[in-house]
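A.B. asks: Please see the structure below; I have some questions.
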Amino acid sequence: MSNLKVLIVGSSIAGPTAAYFFAKAGFHVTIIERFASLRTGGQNIDIRTAGVTVMRKIPGMEASVRAIKAPEEGIQIVRADGRPYGTIRPSGNPDQQSLVSEYEIFRGDLAKILVDLTKEHERVKYVFGEQVKVMKHSEKKYGPIAVEFANGFPASEYDLVVACDGATSRTRALGFGCGVRDHVHSVNAWAAYFSLDQDLLEGGKMGQGYSVPGGRMVTLGPGFSGQNRVMLMGIHPRNEHEAMVPFREAMKSGDDATKQYITQHFAGAGWKTDEILKGMIDSQDFYASELVQVKIPNLSKGRFVLVGDAGYAAGPTGGGTSLAIAGAYVLAGEVARNKGDIKAGLVAYEERMTPIIADLQKIPPGVPGLMAPQTAWGIWVRNTLFAIFTRIGIIDFAGRFFSSSFAGDTYGLPEYEWVE
Ligand SMILES: Cc1cc2nc3c(=O)[nH]c(=O)nc-3n(C[C@H](O)[C@H](O)[C@H](O)COP(=O)(O)OP(=O)(O)OC[C@H]3O[C@@H](n4cnc5c(N)ncnc54)[C@H](O)[C@@H]3O)c2cc1C
Ligand SMILES: *[C@@H]1O[C@H](CO)[C@@H](O)[C@H](O)[C@H]1NC(C)=O
């Protein structure tokens with residue numbers, strides 16, 4: 001297999017994980033990233049279930065994640081005057097996690113750990129500031145793919161092209177000959193993330209969440225070095241599809257228009273939202289996105305294949321990162337197991353991942369509705385339940401009952417044999 005060349009597109013979570021295992025399988029890996037450099041920080045994500053299993057197969061990864069974990073000690077839902085209804089903390093057991101993960105980490109920080117673990121490898125080459133311009137499937141049955149790049153990296157043929165460029169993957173559109181929004185399903189919700197230069201938690205290490213009628217939710221968490229991390233979320237009823245239009249229009253016009261839309265949406269919400277909205281205007285790392293799921297009939301076409309959000313973004317289930325890590329492992333492992341028979345490897349990858357994807361994409365009943373109820377009454381019910389559940393300690397049980405992301409890993413991923 002030693003001469004096989006794989007191109008990986010995207011250097012966030014799925015990309016570097018796939019690079020790690022393909023290099024281990026003896027492939028020569030080129031990994032391209034659209035941005036000129038790696039960005040640290042970003043939103044909180046968490047590693048659960050099969051993601052934990054695969055993390056432990058990468059020497060050094062778990063220790064690195066623990067060393068730079070998000071500083072949050074738990075979460076509280078608070079009243080307008082700041083008094084909490086209750087508190088959830090991590091369970092203390094990585095194999096049976098609570099709603100608050102043992103491995104909660106900022107997305108960019110996890111990406112950096114994975115890139116650092118792979119960038120020195122002799123068979124892995126990173127190219128930043130590059131993307132695919134043209135991709136030609138071979139005329140021959142199952143021949144290599146000819147790829148041209150947008151910013152000057154030399155055109156070449158690859159035995160396998162792996163798209164890891166996220167839910168709105170442009171590479172997916174090129175490889176499947178479809179539109180960028182095809183196979184992307186809105187869950188009628190959006191979220192915005194940014195850092196605040198002040199500490200509205202006044203040194204507190206407990207994240208706080210506050211709901212306002214109309215499906216609006218604000219969370220404030222401790223960042224590193226006295227900052228706060230903010231998430232603002234807008235959740236619309238599942239059947240009101242037009243409700244997302246103003247957000248999408250604002251996103252098309254850029255960050256300033258999006259900030260303006262969000263400011264209007266949260267006007268007069270109470271608690272600390274005025275200070276938070278003021279801080280949003282000047283924040284340097286503002287990032288907003290629609291919450292979506294990707295569902296596609298096949299994960300590959302010829303020698304082109306999808307991994308992570310590009311193939312199976314999970315939306316609001318909390319399982320997206322774990323799916324991306326597990327998918328990267330299974331793809332490289334199945335191609336390795338089939339001794340470089342890429343076609344057999346791709347079919348086995350899809351077979352093994354399909355049930356795991358279905359499970360981790362299942363949106364628990366009441367989510368995202370419970371996270372940000374539409375009415376004052378809904379908020380009261382949610383907060384009261386939260387208070388009771390956290391007090392008697394059954395919220396973890398409830399979490400596991402509702403969503404596979406909170407259960408232990410029952411998927412039985414195989415041990416693969418690698419070249420090195
Ligand atoms: C708002 C939001 C909240 C989330 N919350 C959670 C959570 O709580 N828990 C959880 O587990 N998961 C969460 N996720 C999901 C999680 O972020 C993803 O599942 C995970 O990051 C998937 O990684 P990925 O590598 O597949 O894709 P991404 O992280 O999306 O990375 C795609 C990469 O490809 C690059 N790229 C994009 N286009 C191109 C191109 N054309 N050419 C080259 N490079 C390109 C991007 O710059 C980026 O580096 C959330 C996601 C969002 C959007
Ligand atoms: C595509 O999907 C079909 C139906 O699920 C499956 O039988 C087939 O093996 C898939 N193709 C690949 C290349 O995985």
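Naming scheme: A, B, ... for chains in displayed order of the structure tokens; residues 1 onward per chain; ligands 1 onward as shown.
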Each residue of chain A lying at most 7 Å from ligand 1 should get a row with its shortest atom-to-atom pair and the distance in Å to one decimal, counting only C-alpha atoms and all ligand atoms; could you produce that, ordered by chain and increasing number, as a Markdown table?
C.D. replies:
```
| residue | atom | partner | partner_atom_place_in_ligand_line | distance |
| --- | --- | --- | --- | --- |
| A:Val9 | CA | ligand 1 | 43 (C) | 5.1 |
| A:Gly10 | CA | ligand 1 | 34 (O) | 3.4 |
| A:Ser11 | CA | ligand 1 | 49 (O) | 4.6 |
| A:Ser12 | CA | ligand 1 | 49 (O) | 4.1 |
| A:Ile13 | CA | ligand 1 | 25 (O) | 3.6 |
| A:Ala14 | CA | ligand 1 | 25 (O) | 3.8 |
| A:Gly15 | CA | ligand 1 | 25 (O) | 5.6 |
| A:Ile32 | CA | ligand 1 | 43 (C) | 5.7 |
| A:Glu33 | CA | ligand 1 | 44 (N) | 3.9 |
| A:Arg34 | CA | ligand 1 | 43 (C) | 3.8 |
| A:Phe35 | CA | ligand 1 | 47 (O) | 5.6 |
| A:Gln43 | CA | ligand 1 | 3 (C) | 6.4 |
| A:Asn44 | CA | ligand 1 | 8 (O) | 5.8 |
| A:Ile45 | CA | ligand 1 | 9 (N) | 3.9 |
| A:Asp46 | CA | ligand 1 | 11 (O) | 4.6 |
| A:Ile47 | CA | ligand 1 | 11 (O) | 6.0 |
| A:Arg107 | CA | ligand 1 | 21 (O) | 6.3 |
| A:Glu130 | CA | ligand 1 | 43 (C) | 6.1 |
| A:Gln131 | CA | ligand 1 | 42 (N) | 4.0 |
| A:Val132 | CA | ligand 1 | 42 (N) | 6.2 |
| A:Cys164 | CA | ligand 1 | 26 (O) | 5.2 |
| A:Asp165 | CA | ligand 1 | 34 (O) | 3.3 |
| A:Gly166 | CA | ligand 1 | 30 (O) | 3.5 |
| A:Ala167 | CA | ligand 1 | 30 (O) | 6.0 |
| A:Ser169 | CA | ligand 1 | 38 (N) | 5.7 |
| A:Arg170 | CA | ligand 1 | 41 (N) | 5.0 |
| A:Thr171 | CA | ligand 1 | 41 (N) | 5.8 |
| A:Trp190 | CA | ligand 1 | 1 (C) | 6.9 |
| A:Ala191 | CA | ligand 1 | 1 (C) | 5.1 |
| A:Ala192 | CA | ligand 1 | 1 (C) | 6.8 |
| A:Ala288 | CA | ligand 1 | 1 (C) | 6.9 |
| A:Ser289 | CA | ligand 1 | 1 (C) | 5.5 |
| A:Glu290 | CA | ligand 1 | 1 (C) | 6.6 |
| A:Leu291 | CA | ligand 1 | 1 (C) | 5.9 |
| A:Val307 | CA | ligand 1 | 26 (O) | 6.3 |
| A:Gly308 | CA | ligand 1 | 26 (O) | 3.4 |
| A:Asp309 | CA | ligand 1 | 26 (O) | 3.9 |
| A:Ala310 | CA | ligand 1 | 26 (O) | 5.8 |
| A:Ala313 | CA | ligand 1 | 19 (O) | 5.7 |
| A:Ala314 | CA | ligand 1 | 19 (O) | 6.6 |
| A:Gly315 | CA | ligand 1 | 50 (C) | 6.6 |
| A:Pro316 | CA | ligand 1 | 5 (N) | 6.8 |
| A:Gly318 | CA | ligand 1 | 9 (N) | 3.9 |
| A:Gly319 | CA | ligand 1 | 11 (O) | 4.5 |
| A:Gly320 | CA | ligand 1 | 19 (O) | 3.3 |
| A:Thr321 | CA | ligand 1 | 11 (O) | 3.9 |
| A:Ser322 | CA | ligand 1 | 11 (O) | 5.9 |
| A:Ala324 | CA | ligand 1 | 26 (O) | 5.3 |
```
A.B. asks: Per DSSP on the backbone, filter region 296-387 of chain A down to the residues in alpha helix (DSSP H) and report them as an NGL selection string.
C.D. replies: :A and (309-312 or 320-337 or 342-360 or 376-387)
A.B. asks: Kindly provide the residues of chain A that approach ligand 2 to within 8 Å, each paired with its closest atom pair and their distance in Å to one decimal, based on only C-alpha atoms and all ligand atoms, listed by chain and increasing number, as a tab-separated table.
C.D. replies:
```
residue	atom	partner	partner_atom_place_in_ligand_line	distance
A:Pro297	CA	ligand 2	2 (O)	6.1
A:Asn298	CA	ligand 2	1 (C)	4.5
A:Leu299	CA	ligand 2	14 (O)	6.4
A:Ser300	CA	ligand 2	13 (C)	5.4
A:Lys301	CA	ligand 2	13 (C)	6.4
A:Gly302	CA	ligand 2	13 (C)	7.3
A:Lys343	CA	ligand 2	13 (C)	7.0
A:Leu346	CA	ligand 2	14 (O)	5.7
A:Val347	CA	ligand 2	14 (O)	3.8
A:Ala348	CA	ligand 2	14 (O)	7.0
A:Tyr349	CA	ligand 2	14 (O)	7.3
A:Glu350	CA	ligand 2	14 (O)	5.1
A:Glu351	CA	ligand 2	14 (O)	6.8
```
A.B. asks: I'd like the neighbourhood of Val294 (chain A) as number ranges by chain, where a residue qualifies if any of its atoms comes within 6 Å (using only C-alpha atoms), though same-chain residues fewer than 5 positions away should be ignored.
C.D. replies: A: 183-184, 312-313
A.B. asks: Mind writing the picked residues with N, CA and C atoms as a compact mmCIF listing (two decimals), in the first residue's frame?
C.D. replies:
```
# COMPACT_ATOMS: atom_id res chain seq x y z
N HIS A 183 -28.66 17.90 0.61
CA HIS A 183 -28.44 16.95 1.71
C HIS A 183 -28.26 17.63 3.07
N VAL A 184 -28.40 18.97 3.11
CA VAL A 184 -28.27 19.70 4.37
C VAL A 184 -29.68 20.00 4.89
N TYR A 312 -22.10 13.60 7.74
CA TYR A 312 -23.13 13.27 8.73
C TYR A 312 -23.13 14.22 9.93
N ALA A 313 -23.17 15.51 9.64
CA ALA A 313 -23.30 16.49 10.72
C ALA A 313 -24.51 16.10 11.58
```
A.B. asks: Determine which residues of region 7-130 of chain A DSSP labels as strand (DSSP E or B) from the backbone of this structure, then write them out as a VMD selection string.
C.D. replies: chain A and resid 7 to 9 28 to 33 44 to 46 74 to 78 84 to 88 104 to 106 124 to 128
